[in-house]
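Visitor: Have a look at the structure that comes next, please.
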Amino acid sequence: MGAVNLDILLQQILNGLVLGSVYALVALGYTMVYGVLGLINFAHGEVVMIGALSTLSVSRLLHNVFPGLPGPAVLLFSTLAAIPVCMLLGYAIERVAYRPLRRAPRLAPLITAIGVSILLQNVAMVVWGRGYHSFPAYVSTEPFQFFGATMTPVQVVIIAVAIAIMAGLMVLVHRTKLGRAMRATAENQSVAGLMGVDINAIISVTFVIGSALAAVAGVMVAANYSIAHYYMGFVLGLKAFTAAVLGGIGNLGGAMAGGLLLGIIESLGAGYVGDLTGGFLGSNYQDVFAFFVLIVVLVFRPSGLMGERVAERA
Amino acid sequence: MLEVRGLHVHYGGIAAVKGVDLEVASGELVCLIGANGAGKTTTLGAIAALVSPSAGEITLGGERTAGLASFQLVRRGLALVPEGRGVFGRLNVRENLEMGAYHRSDREIGHDLEKVFALMPRLQERCYQTGGTLSGGEQQMLAIGRALMSRPKLLLLDEPSMGLAPLMVQKVFETIQAVARDGVTILLVEQNARLALELAGRGYVMEGGCITLAGQSAALLADSRVREAYLGE
Ligand SMILES: Nc1ncnc2c1ncn2[C@@H]1O[C@H](COP(=O)(O)OP(=O)(O)OP(=O)(O)O)[C@@H](O)[C@H]1O
Ligand SMILES: [Mg+2]
């Protein structure tokens with residue numbers, strides 16, 4: 001191992017931040033649902049995928065109907081169309097798959113979640129086919145120099161939008177009446193009910209908000225890698241779940257920090273795994289790091305970086 | 001104001017409340033006393049729709065409450081201060097109080113907040129402290145203040161003296177008295193039978209899921225069975 005090249009290091013960190021922004025947005029969905037229901041919504045990754053693919057379909061349509069529309073506008077409008085689709089999907093998942101099992105043993109909704117996940121993948125496979133779709137560069141992917149590293153405009157947009165959304169969510173949760181009711185519900189459902197909070201409505205809102213974030217995240221990954229397919233939600237969902245656990249599941253700040261941190265860990269890992277193993281493992285082992293992190297956290301600090309006692313909600 | 005007729009509640013196969021009848025007229029302060037496990041909390045839970053009765057009828061302000069969820073009862077003027085207080089530990093004092101006014105959208109919420117602070121100055125000092133960091137007595141005050149923020153017509157209190165030092169119990173009871181004087185109808189559940197009976201106009205004694213005695217507080221305080229079982233004489 002030679003001296004660390006600072007430009008390369010910066011590059012890895014930037015890549016990690018882009019990746020981490022996406023993880024953070026998706027992790028928020030896991031963590032919010034866990035906060036109010038104590039349940040891991042393993043179908044959440046599929047909502048990300050549906051977000052990306054519906055955006056793709058709407059954008060193709062828009063592009064055909066209004067050929068002169070600039071790329072960023074096409075992407076913006078099609079994302080705005082995909083968000084309500086995902087919100088509706090998130091709402092439906094909760095109503096159909098989880099609400100009837102509210103009082104069931106904890107294993108039941110977990111199995112249902114996996115079922116919903118497989119169902120959504122298959123529906124997507126039927127609707128969008130098995131193949132990989134190239135996601136057009138509506139926002140430029142032409143790299144530019146940034147302090148010795150390169151970045152693309154789409155990456156800048158990803159980071160900026162993610163920051164704006166996360167700030168907006170924090171304001172919603174900590175400064176509004178709805179957010180107060182969400183926090184109260186997360187803490188004690190029956191007492192929140194005694195305050196006049198319609199718990200079912202709050203749970204629905206939580207799923208709907210998480211799904212909107214997932215839709216945006218889906219567009220981000222698709223735009224960043226210029227690719228979308230029916231299977232893209234699975235690994236992404238698992239990694240975002242890892243990020244949520246890393247940050248401390250149930251904790252919003254934790255999901256954000258966990259997402260960014262996981263993105264950076266993964267990016268640095270992928271960048272240096274060759275050096276570290278003397279060329280034995282290549283950067284295609286990137287995915288290993290996320291799951292290594294998951295195992296380490298679960299073994300040594302299951303409550304995550306910012307989490308409290310998780311066992312309390314048994 | 002409140003009428004409970006033939007209330008039965010089961011947990012699984014076990015009967016916790018077995019045919020309770022009680023009523024609280026508008027403006028009254030009534031207490032419900034009894035030993036551990038008598039079914040007092042369960043009775044309040046049924047009134048507030050936290051548990052569903054297996055039989056019986058509950059009417060609030062002349063209307064049957066069957067089929068209503070607890071969040072809907074708040075709009076009909078019911079507030080319950082639960083056993084163990086149920087303060088939101090991660091919300092600060094002000095947010096806890098604002099949660100009490102959740103169903104309201106009128107302009108007098110701020111005014112009511114001032115009123116609660118006037119009644120419980122300690123809460124104002126602790127305004128931005130999270131609920132979980134308050135002392136037990138402060139939490140009890142907060143739970144009562146939060147319930148008042150909903151402008152209840154009927155206030156149910158479940159063992160407000162639980163786990164408090166005598167001086168604090170005194171304070172909490174003074175607060176309850178002030179609330180009652182303000183015109184709020186109160187049903188008070190207590191293990192501290194003497195204090196409860198001294199405060200309330202009437203009382204019910206509950207044992208093994210049934211009401212075994214009922215009457216004016218003075219009569220109950222003088223009753224030999226009450227004296228023996230609940231006043232330690
Ligand atoms: N969630 C529950 N599941 C099963 N049984 C319960 C449950 N809650 C209460 N019980 C049982 O119902 C009976 C009445 O309980 P309840 O809490 O109403 O009594 P209580 O009079 O409030 O007692 P305490 O003074 O100790 O608070 C008890 O035997 C109790 O064990
Ligand atoms: Mg009790």
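Labeling convention for the structure tokens: chains A, B, ... as they appear, residues from 1 per chain, ligands from 1 in order of appearance.
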What are the residues of chain A that have an atom within 7 Å of an atom of chain B, counting only C-alpha atoms, as a compact mmCIF listing (two decimals) with C-alpha atoms, in the first residue's frame?

Guide:
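The result, stored in selection-v9.txt:
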# COMPACT_ATOMS: atom_id res chain seq x y z
CA ALA A 184 -46.34 10.95 19.70
CA GLU A 187 -43.80 6.76 21.19
CA VAL A 191 -51.93 7.57 24.53
CA GLY A 193 -55.22 7.99 20.52
CA LEU A 194 -56.35 9.43 23.84
CA MET A 195 -55.13 12.81 22.60
CA GLY A 196 -57.50 12.55 19.64
CA VAL A 197 -54.96 11.31 17.10
CA ASP A 198 -56.37 8.94 14.50

Visitor: Show me which residues line ligand 1, defined as having an atom within 8 Å of a ligand atom where only C-alpha atoms and all ligand atoms count, and present them as a PyMOL selection string.

Guide: chain B and resi 10-12+14-17+34-43+83+158-159+190-191+206+208-209

Visitor: Write out, as a compact mmCIF listing (two decimals), in the first residue's frame, the residues just selected, with C-alpha atoms.

Guide:
# COMPACT_ATOMS: atom_id res chain seq x y z
CA HIS B 10 -62.65 -10.02 29.33
CA TYR B 11 -58.96 -10.43 28.61
CA GLY B 12 -58.87 -13.61 26.60
CA ILE B 14 -60.43 -14.10 31.99
CA ALA B 15 -63.14 -11.76 33.23
CA ALA B 16 -61.66 -8.55 34.63
CA VAL B 17 -64.88 -6.55 34.97
CA GLY B 34 -60.41 -0.75 45.25
CA ALA B 35 -57.43 -3.04 45.72
CA ASN B 36 -54.87 -4.07 43.10
CA GLY B 37 -56.44 -6.01 40.28
CA ALA B 38 -60.00 -5.02 41.18
CA GLY B 39 -60.63 -3.89 37.61
CA LYS B 40 -60.50 -0.11 38.03
CA THR B 41 -58.11 0.58 35.16
CA THR B 42 -60.03 -1.82 32.97
CA THR B 43 -63.26 0.04 33.70
CA GLU B 83 -52.27 4.92 34.90
CA ASP B 158 -56.26 6.74 36.98
CA GLU B 159 -54.28 6.70 40.23
CA GLU B 190 -57.46 5.77 43.50
CA GLN B 191 -55.80 3.29 45.80
CA MET B 206 -64.68 -2.13 43.49
CA GLY B 208 -62.96 -8.60 42.02
CA GLY B 209 -64.48 -6.88 39.00

Visitor: Apply DSSP to the structure's backbone, then extract all residues of stretch 136-174 of chain A labelled helix (DSSP H, G or I) and return them as a count of residues only.

Guide: 22

Visitor: Check the smallest atom-to-atom distance from each of B:Ala178, B:Leu188, B:Ile144, B:Ala165 to ligand 2 using only C-alpha atoms and all ligand atoms, then report the winner.

Guide: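 Checking each of B:Ala178, B:Leu188, B:Ile144, B:Ala165 against ligand 2, counting only C-alpha atoms and all ligand atoms, the winner is B:Leu188.
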
Visitor: Taking the DSSP assignment computed from this structure's backbone, write out as a count of residues only all residues of stretch 42-96 of chain B that belong to strand (DSSP E or B).

Guide: 13

Visitor: Any idea what the distance is between atom CA of A:Leu25 and atom CA of A:Ala167?

Guide: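 Going from atom CA of A:Leu25 over to atom CA of A:Ala167 covers 11.3 Å.
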
Visitor: Set the distance at 9 Å and use only C-alpha atoms: which residues neighbour stretch 216-233 of chain A once local chain neighbours fewer than 5 positions away are removed? I'd like the list as an MDAnalysis selection string.

Guide: chainID A and resid 18:19 21:26 43:53 55:56 75 79:80 82:83 120:125 128:139 141 152 154:155 157:158 161:162 211 238

Visitor: Which residues are close to A:Leu101, i.e. within 12 Å by only C-alpha atoms, leaving aside same-chain residues fewer than 5 positions away? Reply as JSON, numbers by chain.

Guide: {"A": [37, 39, 93, 94, 95, 96, 106, 107, 108, 109, 110, 111, 112, 113]}

Visitor: What's the 12 Å shell around B:Arg194, counting only C-alpha atoms, without same-chain residues fewer than 6 positions away, as a JSON list (two decimals) with N, CA and C atoms, in the first residue's frame?

Guide:
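Result file follows (around21.json):
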[["chain", "number", "residue", "atom", "x", "y", "z"],
["B", 31, "CYS", "N", -65.31, 9.16, 43.08],
["B", 31, "CYS", "CA", -64.11, 8.33, 43.09],
["B", 31, "CYS", "C", -64.47, 6.85, 43.03],
["B", 32, "LEU", "N", -63.52, 6.10, 42.49],
["B", 32, "LEU", "CA", -63.66, 4.65, 42.38],
["B", 32, "LEU", "C", -62.44, 4.06, 43.06],
["B", 33, "ILE", "N", -62.67, 3.37, 44.19],
["B", 33, "ILE", "CA", -61.53, 2.83, 44.93],
["B", 33, "ILE", "C", -61.58, 1.31, 44.93],
["B", 34, "GLY", "N", -60.46, 0.72, 45.22],
["B", 34, "GLY", "CA", -60.41, -0.75, 45.25],
["B", 34, "GLY", "C", -58.97, -1.21, 45.25],
["B", 161, "SER", "N", -51.99, 9.53, 42.30],
["B", 161, "SER", "CA", -51.04, 9.62, 43.42],
["B", 161, "SER", "C", -49.97, 8.54, 43.36],
["B", 173, "PHE", "N", -53.53, 16.52, 44.45],
["B", 173, "PHE", "CA", -54.93, 16.53, 44.84],
["B", 173, "PHE", "C", -55.50, 17.94, 44.90],
["B", 200, "ALA", "N", -63.74, 13.53, 47.04],
["B", 200, "ALA", "CA", -64.92, 13.29, 46.20],
["B", 200, "ALA", "C", -66.21, 13.43, 46.99],
["B", 203, "GLY", "N", -68.58, 7.93, 46.16],
["B", 203, "GLY", "CA", -67.57, 6.95, 45.83],
["B", 203, "GLY", "C", -68.16, 5.60, 45.51],
["B", 217, "SER", "N", -69.44, 9.96, 50.09],
["B", 217, "SER", "CA", -68.10, 9.75, 50.65],
["B", 217, "SER", "C", -68.13, 9.66, 52.17],
["B", 218, "ALA", "N", -68.89, 10.55, 52.77],
["B", 218, "ALA", "CA", -68.93, 10.56, 54.24],
["B", 218, "ALA", "C", -69.42, 9.22, 54.77],
["B", 220, "LEU", "N", -69.24, 6.33, 53.23],
["B", 220, "LEU", "CA", -68.22, 5.30, 52.97],
["B", 220, "LEU", "C", -67.07, 5.41, 53.96],
["B", 221, "LEU", "N", -66.68, 6.64, 54.27],
["B", 221, "LEU", "CA", -65.59, 6.84, 55.24],
["B", 221, "LEU", "C", -65.98, 6.28, 56.61],
["B", 222, "ALA", "N", -67.27, 6.27, 56.88],
["B", 222, "ALA", "CA", -67.72, 5.79, 58.17],
["B", 222, "ALA", "C", -68.03, 4.29, 58.17],
["B", 226, "VAL", "N", -65.29, -0.51, 54.77],
["B", 226, "VAL", "CA", -64.32, 0.36, 54.09],
["B", 226, "VAL", "C", -63.16, 0.67, 55.03],
["B", 227, "ARG", "N", -63.49, 0.97, 56.26],
["B", 227, "ARG", "CA", -62.44, 1.33, 57.22],
["B", 227, "ARG", "C", -61.45, 0.18, 57.37],
["B", 228, "GLU", "N", -62.00, -1.01, 57.44],
["B", 228, "GLU", "CA", -61.15, -2.18, 57.66],
["B", 228, "GLU", "C", -60.30, -2.49, 56.44],
["B", 229, "ALA", "N", -60.94, -2.52, 55.25],
["B", 229, "ALA", "CA", -60.24, -3.00, 54.06],
["B", 229, "ALA", "C", -59.40, -1.92, 53.39],
["B", 230, "TYR", "N", -59.83, -0.67, 53.43],
["B", 230, "TYR", "CA", -59.14, 0.34, 52.63],
["B", 230, "TYR", "C", -58.52, 1.48, 53.41],
["B", 231, "LEU", "N", -58.92, 1.64, 54.67],
["B", 231, "LEU", "CA", -58.36, 2.74, 55.43],
["B", 231, "LEU", "C", -57.40, 2.24, 56.51],
["B", 232, "GLY", "N", -57.20, 0.92, 56.53],
["B", 232, "GLY", "CA", -56.21, 0.32, 57.42],
["B", 232, "GLY", "C", -56.53, 0.53, 58.89],
["B", 233, "GLU", "N", -57.81, 0.41, 59.24],
["B", 233, "GLU", "CA", -58.14, 0.58, 60.66],
["B", 233, "GLU", "C", -58.66, -0.72, 61.27]]

Visitor: Hey, which of B:Asp182, B:Leu2, B:Arg122, B:Val9 ends up closest to B:Thr65? Count only C-alpha atoms.

Guide: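 Closest residue, counting only C-alpha atoms: B:Leu2.
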
Visitor: What lies within 9 Å of B:Leu29 using only C-alpha atoms, ignoring chain neighbours under 4 positions off, as number ranges by chain?

Guide: B: 24-25, 177, 180, 184-188, 199-203

Visitor: I'd like the contact shell of B:Glu3 - 8 Å cut-off, only C-alpha atoms, skipping same-chain residues fewer than 2 positions apart - returned as a count of residues only.

Guide: 9
